[in-house]
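Chemist: Starting off with a structure, shown below.
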Amino acid sequence: MSQPFHATPQVPVLALGDILLVTLQGELHDGMAEQLQQDLTHRIAASSVSGVVIDISGVEIVDSFLGRVLAEITSTAALLAARTVLAGMRPAVAITLVELGLTLPGLVTALDVDRAMELLSPGEA
């Protein structure tokens, strides 16, 4: 059974078994991004979460700050034994990240949430 958890009022986090699904919509302000990072870190540490899917299909723009926060969420989750998959990146966002020189090391991407969930399922690496 899934349980809703709201990291911040604007960023819903849904527990789907041992995977957290984070859905970002619209513009994520710096303070909200930092709060999300802290809340996710605590949530991962306090539970038996093995994976995090961050759906950015509703995000039009990823700036260097948000790119750094996503990379830090991935690194922190990995230290807490959880894998992170970034799902739903728009072509314009990918181009912007490349233009900004953000490589996001360790961050696995998927075209959509379904594929991201498959990547985090047992037997996938």
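For the structure tokens, the naming scheme is as follows: chains receive sequential letters (A, B, ...) according to their order of presentation, residues are indexed from 1 within each chain, and ligands are indexed from 1 in presentation order.
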Could the residues of range 17-91 of chain A that have an atom at most 12 Å from range 104-108 of chain A be listed as a tab-separated table, each with its closest atom pair and the distance in Å to one decimal, counting only C-alpha atoms and ordered by chain and ascending residue number?

Modeler:
```
residue	atom	partner	partner_atom	distance
A:Gly51	CA	A:Val108	CA	11.4
A:Val52	CA	A:Val108	CA	10.7
A:Val53	CA	A:Val108	CA	9.8
A:Ile54	CA	A:Val108	CA	10.4
A:Ser64	CA	A:Leu104	CA	10.5
A:Phe65	CA	A:Leu104	CA	11.8
A:Leu66	CA	A:Leu104	CA	10.9
A:Gly67	CA	A:Leu104	CA	7.2
A:Arg68	CA	A:Leu104	CA	7.6
A:Val69	CA	A:Leu104	CA	9.8
A:Leu70	CA	A:Leu104	CA	7.8
A:Ala71	CA	A:Leu104	CA	5.4
A:Glu72	CA	A:Leu104	CA	8.9
A:Ile73	CA	A:Leu107	CA	9.4
A:Thr74	CA	A:Leu107	CA	6.2
A:Ser75	CA	A:Gly106	CA	7.4
A:Thr76	CA	A:Gly106	CA	11.0
A:Ala77	CA	A:Leu107	CA	10.7
A:Ala78	CA	A:Gly106	CA	8.9
A:Leu79	CA	A:Gly106	CA	11.8
A:Ala82	CA	A:Leu107	CA	11.9
A:Arg83	CA	A:Val108	CA	8.6
A:Thr84	CA	A:Leu107	CA	6.6
A:Val85	CA	A:Val108	CA	4.9
A:Leu86	CA	A:Val108	CA	6.2
A:Ala87	CA	A:Val108	CA	8.7
A:Gly88	CA	A:Val108	CA	11.6
A:Met89	CA	A:Val108	CA	11.4
```

Chemist: Quick one: write out the picked residues with C-alpha atoms as a PDB file, in the first residue's frame?

Modeler:
```pdb
ATOM      1  CA  GLY A  51      15.342   3.624  -4.472  1.00  0.00           C
ATOM      2  CA  VAL A  52      14.188   7.127  -5.331  1.00  0.00           C
ATOM      3  CA  VAL A  53      12.551   8.165  -8.594  1.00  0.00           C
ATOM      4  CA  ILE A  54      12.570  11.907  -9.262  1.00  0.00           C
ATOM      5  CA  SER A  64      22.766  25.011 -12.186  1.00  0.00           C
ATOM      6  CA  PHE A  65      21.514  25.154  -8.583  1.00  0.00           C
ATOM      7  CA  LEU A  66      18.750  22.589  -9.138  1.00  0.00           C
ATOM      8  CA  GLY A  67      21.178  20.431 -11.113  1.00  0.00           C
ATOM      9  CA  ARG A  68      23.584  20.497  -8.173  1.00  0.00           C
ATOM     10  CA  VAL A  69      20.769  19.643  -5.729  1.00  0.00           C
ATOM     11  CA  LEU A  70      19.728  16.663  -7.876  1.00  0.00           C
ATOM     12  CA  ALA A  71      23.346  15.448  -7.969  1.00  0.00           C
ATOM     13  CA  GLU A  72      23.628  15.878  -4.181  1.00  0.00           C
ATOM     14  CA  ILE A  73      20.365  13.980  -3.595  1.00  0.00           C
ATOM     15  CA  THR A  74      21.785  11.143  -5.719  1.00  0.00           C
ATOM     16  CA  SER A  75      25.076  11.100  -3.819  1.00  0.00           C
ATOM     17  CA  THR A  76      23.421  11.253  -0.419  1.00  0.00           C
ATOM     18  CA  ALA A  77      20.928   8.524  -1.322  1.00  0.00           C
ATOM     19  CA  ALA A  78      23.800   6.311  -2.521  1.00  0.00           C
ATOM     20  CA  LEU A  79      25.583   6.757   0.813  1.00  0.00           C
ATOM     21  CA  ALA A  82      19.390   3.867  -2.116  1.00  0.00           C
ATOM     22  CA  ARG A  83      19.644   4.264  -5.874  1.00  0.00           C
ATOM     23  CA  THR A  84      18.210   7.326  -7.625  1.00  0.00           C
ATOM     24  CA  VAL A  85      16.726   7.532 -11.117  1.00  0.00           C
ATOM     25  CA  LEU A  86      15.802  10.839 -12.739  1.00  0.00           C
ATOM     26  CA  ALA A  87      12.773  10.366 -14.997  1.00  0.00           C
ATOM     27  CA  GLY A  88      11.042  12.408 -17.654  1.00  0.00           C
ATOM     28  CA  MET A  89      13.753  14.850 -18.647  1.00  0.00           C
TER      29      MET A  89
END
```

Chemist: Asp55 in chain A: which residues within 12 Å, counting only C-alpha atoms, same-chain residues fewer than 6 positions away excluded, as a list of chain:residue names?

Modeler: A:Val11, A:Pro12, A:Val13, A:Leu14, A:Leu20, A:Leu21, A:Val22, A:Thr23, A:Leu24, A:Gln25, A:Gly26, A:Leu70, A:Thr84, A:Val85, A:Leu86, A:Ala87, A:Gly88, A:Met89, A:Arg90, A:Thr109, A:Ala110, A:Leu111, A:Asp112, A:Val113, A:Asp114, A:Arg115, A:Ala116, A:Met117

Chemist: Got time to write the residues from that selection, N, CA and C atoms, as a compact mmCIF listing (two decimals), in the first residue's frame?

Modeler:
```txt
# COMPACT_ATOMS: atom_id res chain seq x y z
N VAL A 11 5.93 19.77 -3.09
CA VAL A 11 6.63 18.63 -3.64
C VAL A 11 6.11 17.34 -3.00
N PRO A 12 5.18 16.66 -3.67
CA PRO A 12 4.68 15.41 -3.10
C PRO A 12 5.70 14.29 -3.24
N VAL A 13 5.81 13.47 -2.20
CA VAL A 13 6.66 12.29 -2.21
C VAL A 13 5.77 11.11 -1.86
N LEU A 14 5.71 10.14 -2.75
CA LEU A 14 4.84 8.99 -2.58
C LEU A 14 5.69 7.75 -2.35
N LEU A 20 10.68 5.60 -3.28
CA LEU A 20 10.02 6.90 -3.13
C LEU A 20 9.89 7.53 -4.51
N LEU A 21 8.70 8.04 -4.81
CA LEU A 21 8.46 8.74 -6.06
C LEU A 21 8.26 10.22 -5.75
N VAL A 22 9.15 11.04 -6.28
CA VAL A 22 9.11 12.48 -6.09
C VAL A 22 8.71 13.10 -7.42
N THR A 23 7.65 13.91 -7.41
CA THR A 23 7.19 14.54 -8.64
C THR A 23 7.39 16.04 -8.55
N LEU A 24 8.27 16.55 -9.39
CA LEU A 24 8.53 18.00 -9.42
C LEU A 24 7.68 18.62 -10.51
N GLN A 25 7.00 19.71 -10.18
CA GLN A 25 6.14 20.40 -11.12
C GLN A 25 6.50 21.88 -11.15
N GLY A 26 6.54 22.45 -12.34
CA GLY A 26 6.79 23.89 -12.45
C GLY A 26 8.18 24.26 -11.99
N LEU A 70 20.05 18.01 -7.41
CA LEU A 70 19.73 16.66 -7.88
C LEU A 70 20.94 15.73 -7.75
N THR A 84 19.07 6.25 -7.14
CA THR A 84 18.21 7.33 -7.62
C THR A 84 18.14 7.27 -9.15
N VAL A 85 16.92 7.44 -9.67
CA VAL A 85 16.73 7.53 -11.12
C VAL A 85 15.95 8.81 -11.39
N LEU A 86 16.46 9.61 -12.31
CA LEU A 86 15.80 10.84 -12.74
C LEU A 86 14.98 10.51 -13.97
N ALA A 87 13.68 10.76 -13.91
CA ALA A 87 12.77 10.37 -15.00
C ALA A 87 12.13 11.57 -15.66
N GLY A 88 11.85 11.43 -16.94
CA GLY A 88 11.04 12.41 -17.65
C GLY A 88 11.74 13.69 -18.05
N MET A 89 13.04 13.63 -18.27
CA MET A 89 13.75 14.85 -18.65
C MET A 89 13.35 15.28 -20.06
N ARG A 90 12.98 16.53 -20.19
CA ARG A 90 12.63 17.09 -21.50
C ARG A 90 13.91 17.35 -22.28
N THR A 109 19.29 8.01 -15.59
CA THR A 109 18.10 8.65 -16.14
C THR A 109 17.23 7.62 -16.85
N ALA A 110 15.95 7.94 -16.93
CA ALA A 110 14.98 7.12 -17.67
C ALA A 110 14.03 8.07 -18.38
N LEU A 111 13.49 7.62 -19.50
CA LEU A 111 12.60 8.48 -20.27
C LEU A 111 11.28 8.76 -19.55
N ASP A 112 10.82 7.80 -18.73
CA ASP A 112 9.57 8.01 -18.00
C ASP A 112 9.60 7.26 -16.67
N VAL A 113 8.57 7.48 -15.85
CA VAL A 113 8.51 6.89 -14.51
C VAL A 113 8.44 5.37 -14.59
N ASP A 114 7.68 4.82 -15.54
CA ASP A 114 7.58 3.36 -15.66
C ASP A 114 8.95 2.73 -15.85
N ARG A 115 9.74 3.30 -16.76
CA ARG A 115 11.08 2.75 -17.00
C ARG A 115 11.97 2.96 -15.78
N ALA A 116 11.83 4.07 -15.09
CA ALA A 116 12.61 4.30 -13.87
C ALA A 116 12.31 3.25 -12.82
N MET A 117 11.02 2.92 -12.66
CA MET A 117 10.63 1.89 -11.69
C MET A 117 11.21 0.53 -12.09
```

Chemist: Step one, run DSSP on the backbone; step two, keep only residues of chain A assigned to strand (DSSP E); then write them as a PyMOL selection string.

Modeler: chain A and resi 3-8+11-16+19-25+51-58+83-87+108-110

Chemist: Mind giving me the straight-line distance from CA of Ser50 in chain A to CA of Met32 in chain A in Å, one decimal?

Modeler: 23.6 Å

Chemist: Hey, what's within 9 Å of Ser47 in chain A if we count only C-alpha atoms and toss same-chain stuff fewer than 4 positions away? As a VMD selection string, please?

Modeler: chain A and resid 18 42 to 43

Chemist: Taking all heavy atoms for each residue, export the selection above as a CSV table (one decimal), in the first residue's frame.

Modeler:
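Listed below is the output, result-v1.csv:
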```csv
chain,number,residue,atom,x,y,z
A,18,ASP,N,9.3,0.0,-1.5
A,18,ASP,CA,10.5,0.5,-0.9
A,18,ASP,C,11.1,1.5,-1.9
A,18,ASP,O,12.3,1.8,-1.8
A,18,ASP,CB,11.5,-0.7,-0.7
A,18,ASP,CG,11.9,-1.4,-2.0
A,18,ASP,OD1,11.2,-1.2,-3.0
A,18,ASP,OD2,12.9,-2.2,-1.9
A,42,HIS,N,16.4,12.5,5.2
A,42,HIS,CA,15.8,12.0,6.5
A,42,HIS,C,14.9,10.8,6.2
A,42,HIS,O,14.9,9.8,6.9
A,42,HIS,CB,15.1,13.1,7.2
A,42,HIS,CG,16.1,14.1,7.8
A,42,HIS,ND1,17.0,13.8,8.7
A,42,HIS,CD2,16.3,15.4,7.5
A,42,HIS,CE1,17.7,14.9,9.0
A,42,HIS,NE2,17.3,15.9,8.2
A,43,ARG,N,14.0,10.9,5.2
A,43,ARG,CA,13.1,9.9,4.8
A,43,ARG,C,13.8,8.6,4.4
A,43,ARG,O,13.4,7.5,4.8
A,43,ARG,CB,12.2,10.4,3.7
A,43,ARG,CG,11.1,9.4,3.3
A,43,ARG,CD,10.0,9.3,4.3
A,43,ARG,NE,9.0,8.3,4.0
A,43,ARG,CZ,7.9,8.5,3.2
A,43,ARG,NH1,7.7,9.7,2.7
A,43,ARG,NH2,7.1,7.5,2.9
```

Chemist: Based on DSSP run over this structure's backbone, return all residues of range 21-68 of chain A in helix (DSSP H, G or I), as a list in words.

Modeler: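 Of range 21-68 of chain A, the ones in helix (DSSP H, G or I) are Asp30, Gly31, Met32, Ala33, Glu34, Gln35, Leu36, Gln37, Gln38, Asp39, Leu40, Thr41, His42, Arg43, Ile44, Ala45, Ala46, Ser64, Phe65, Leu66, Gly67 and Arg68 of chain A.
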
Chemist: Just write the chosen residues, N, CA, C and O atoms, as a PDB file, in the first residue's frame.

Modeler:
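See again_10.pdb below for the written result:
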```pdb
ATOM      1  N   ASP A  30      14.918  27.765  -4.939  1.00  0.00           N
ATOM      2  CA  ASP A  30      16.097  27.271  -4.244  1.00  0.00           C
ATOM      3  C   ASP A  30      15.786  26.748  -2.848  1.00  0.00           C
ATOM      4  O   ASP A  30      16.238  25.677  -2.463  1.00  0.00           O
ATOM      5  N   GLY A  31      15.007  27.488  -2.086  1.00  0.00           N
ATOM      6  CA  GLY A  31      14.664  27.064  -0.729  1.00  0.00           C
ATOM      7  C   GLY A  31      13.869  25.767  -0.729  1.00  0.00           C
ATOM      8  O   GLY A  31      14.087  24.900   0.125  1.00  0.00           O
ATOM      9  N   MET A  32      12.963  25.631  -1.680  1.00  0.00           N
ATOM     10  CA  MET A  32      12.174  24.395  -1.782  1.00  0.00           C
ATOM     11  C   MET A  32      13.076  23.224  -2.153  1.00  0.00           C
ATOM     12  O   MET A  32      12.905  22.115  -1.638  1.00  0.00           O
ATOM     13  N   ALA A  33      14.032  23.445  -3.047  1.00  0.00           N
ATOM     14  CA  ALA A  33      14.953  22.387  -3.461  1.00  0.00           C
ATOM     15  C   ALA A  33      15.804  21.923  -2.283  1.00  0.00           C
ATOM     16  O   ALA A  33      15.998  20.722  -2.072  1.00  0.00           O
ATOM     17  N   GLU A  34      16.305  22.870  -1.491  1.00  0.00           N
ATOM     18  CA  GLU A  34      17.103  22.523  -0.314  1.00  0.00           C
ATOM     19  C   GLU A  34      16.265  21.763   0.707  1.00  0.00           C
ATOM     20  O   GLU A  34      16.722  20.787   1.305  1.00  0.00           O
ATOM     21  N   GLN A  35      15.025  22.200   0.916  1.00  0.00           N
ATOM     22  CA  GLN A  35      14.141  21.523   1.865  1.00  0.00           C
ATOM     23  C   GLN A  35      13.831  20.106   1.391  1.00  0.00           C
ATOM     24  O   GLN A  35      13.829  19.161   2.172  1.00  0.00           O
ATOM     25  N   LEU A  36      13.587  19.953   0.091  1.00  0.00           N
ATOM     26  CA  LEU A  36      13.341  18.630  -0.464  1.00  0.00           C
ATOM     27  C   LEU A  36      14.536  17.723  -0.230  1.00  0.00           C
ATOM     28  O   LEU A  36      14.383  16.567   0.170  1.00  0.00           O
ATOM     29  N   GLN A  37      15.737  18.240  -0.461  1.00  0.00           N
ATOM     30  CA  GLN A  37      16.950  17.454  -0.259  1.00  0.00           C
ATOM     31  C   GLN A  37      17.049  16.970   1.190  1.00  0.00           C
ATOM     32  O   GLN A  37      17.306  15.796   1.444  1.00  0.00           O
ATOM     33  N   GLN A  38      16.817  17.869   2.144  1.00  0.00           N
ATOM     34  CA  GLN A  38      16.878  17.497   3.556  1.00  0.00           C
ATOM     35  C   GLN A  38      15.803  16.477   3.916  1.00  0.00           C
ATOM     36  O   GLN A  38      16.076  15.481   4.586  1.00  0.00           O
ATOM     37  N   ASP A  39      14.572  16.728   3.461  1.00  0.00           N
ATOM     38  CA  ASP A  39      13.465  15.836   3.784  1.00  0.00           C
ATOM     39  C   ASP A  39      13.678  14.442   3.195  1.00  0.00           C
ATOM     40  O   ASP A  39      13.419  13.437   3.857  1.00  0.00           O
ATOM     41  N   LEU A  40      14.153  14.384   1.949  1.00  0.00           N
ATOM     42  CA  LEU A  40      14.401  13.084   1.326  1.00  0.00           C
ATOM     43  C   LEU A  40      15.500  12.325   2.058  1.00  0.00           C
ATOM     44  O   LEU A  40      15.385  11.117   2.268  1.00  0.00           O
ATOM     45  N   THR A  41      16.560  13.029   2.428  1.00  0.00           N
ATOM     46  CA  THR A  41      17.655  12.386   3.154  1.00  0.00           C
ATOM     47  C   THR A  41      17.146  11.764   4.447  1.00  0.00           C
ATOM     48  O   THR A  41      17.441  10.602   4.750  1.00  0.00           O
ATOM     49  N   HIS A  42      16.360  12.509   5.195  1.00  0.00           N
ATOM     50  CA  HIS A  42      15.812  11.990   6.451  1.00  0.00           C
ATOM     51  C   HIS A  42      14.860  10.825   6.193  1.00  0.00           C
ATOM     52  O   HIS A  42      14.866   9.840   6.923  1.00  0.00           O
ATOM     53  N   ARG A  43      14.050  10.930   5.165  1.00  0.00           N
ATOM     54  CA  ARG A  43      13.085   9.875   4.842  1.00  0.00           C
ATOM     55  C   ARG A  43      13.792   8.586   4.441  1.00  0.00           C
ATOM     56  O   ARG A  43      13.412   7.496   4.848  1.00  0.00           O
ATOM     57  N   ILE A  44      14.863   8.697   3.642  1.00  0.00           N
ATOM     58  CA  ILE A  44      15.627   7.523   3.230  1.00  0.00           C
ATOM     59  C   ILE A  44      16.276   6.862   4.442  1.00  0.00           C
ATOM     60  O   ILE A  44      16.222   5.647   4.612  1.00  0.00           O
ATOM     61  N   ALA A  45      16.886   7.683   5.301  1.00  0.00           N
ATOM     62  CA  ALA A  45      17.579   7.158   6.480  1.00  0.00           C
ATOM     63  C   ALA A  45      16.624   6.503   7.474  1.00  0.00           C
ATOM     64  O   ALA A  45      16.980   5.543   8.148  1.00  0.00           O
ATOM     65  N   ALA A  46      15.390   6.997   7.553  1.00  0.00           N
ATOM     66  CA  ALA A  46      14.432   6.515   8.552  1.00  0.00           C
ATOM     67  C   ALA A  46      13.616   5.310   8.078  1.00  0.00           C
ATOM     68  O   ALA A  46      12.845   4.761   8.854  1.00  0.00           O
ATOM     69  N   SER A  64      21.588  25.659 -12.772  1.00  0.00           N
ATOM     70  CA  SER A  64      22.766  25.011 -12.186  1.00  0.00           C
ATOM     71  C   SER A  64      22.540  24.645 -10.726  1.00  0.00           C
ATOM     72  O   SER A  64      23.021  23.608 -10.264  1.00  0.00           O
ATOM     73  N   PHE A  65      21.775  25.458  -9.990  1.00  0.00           N
ATOM     74  CA  PHE A  65      21.514  25.154  -8.583  1.00  0.00           C
ATOM     75  C   PHE A  65      20.685  23.879  -8.459  1.00  0.00           C
ATOM     76  O   PHE A  65      21.032  22.980  -7.693  1.00  0.00           O
ATOM     77  N   LEU A  66      19.596  23.785  -9.213  1.00  0.00           N
ATOM     78  CA  LEU A  66      18.750  22.589  -9.138  1.00  0.00           C
ATOM     79  C   LEU A  66      19.527  21.369  -9.634  1.00  0.00           C
ATOM     80  O   LEU A  66      19.401  20.282  -9.060  1.00  0.00           O
ATOM     81  N   GLY A  67      20.343  21.533 -10.656  1.00  0.00           N
ATOM     82  CA  GLY A  67      21.178  20.431 -11.113  1.00  0.00           C
ATOM     83  C   GLY A  67      22.101  19.930 -10.023  1.00  0.00           C
ATOM     84  O   GLY A  67      22.257  18.722  -9.819  1.00  0.00           O
ATOM     85  N   ARG A  68      22.694  20.876  -9.286  1.00  0.00           N
ATOM     86  CA  ARG A  68      23.584  20.497  -8.173  1.00  0.00           C
ATOM     87  C   ARG A  68      22.803  19.784  -7.081  1.00  0.00           C
ATOM     88  O   ARG A  68      23.252  18.773  -6.535  1.00  0.00           O
TER      89      ARG A  68
END
```

Chemist: Measuring atom to atom with only C-alpha atoms, identify which of A:Ile19, A:Leu28, A:Asp63, A:Glu118 is nearest to Gly101 in chain A.

Modeler: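 Ranking A:Ile19, A:Leu28, A:Asp63, A:Glu118 by distance to Gly101 in chain A, first place goes to A:Asp63.
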
Chemist: Please indicate the distance in Å from CA of Leu119 in chain A to CA of Val59 in chain A, rounded to one decimal place.

Modeler: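 Result for CA of Leu119 in chain A versus CA of Val59 in chain A: 21.6 Å, one decimal.
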
Chemist: What is the distance, in Å and to one decimal place, between CA of Ala81 in chain A and CA of Val98 in chain A?

Modeler: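 Spanning CA of Ala81 in chain A to CA of Val98 in chain A is a straight-line distance of 27.8 Å.
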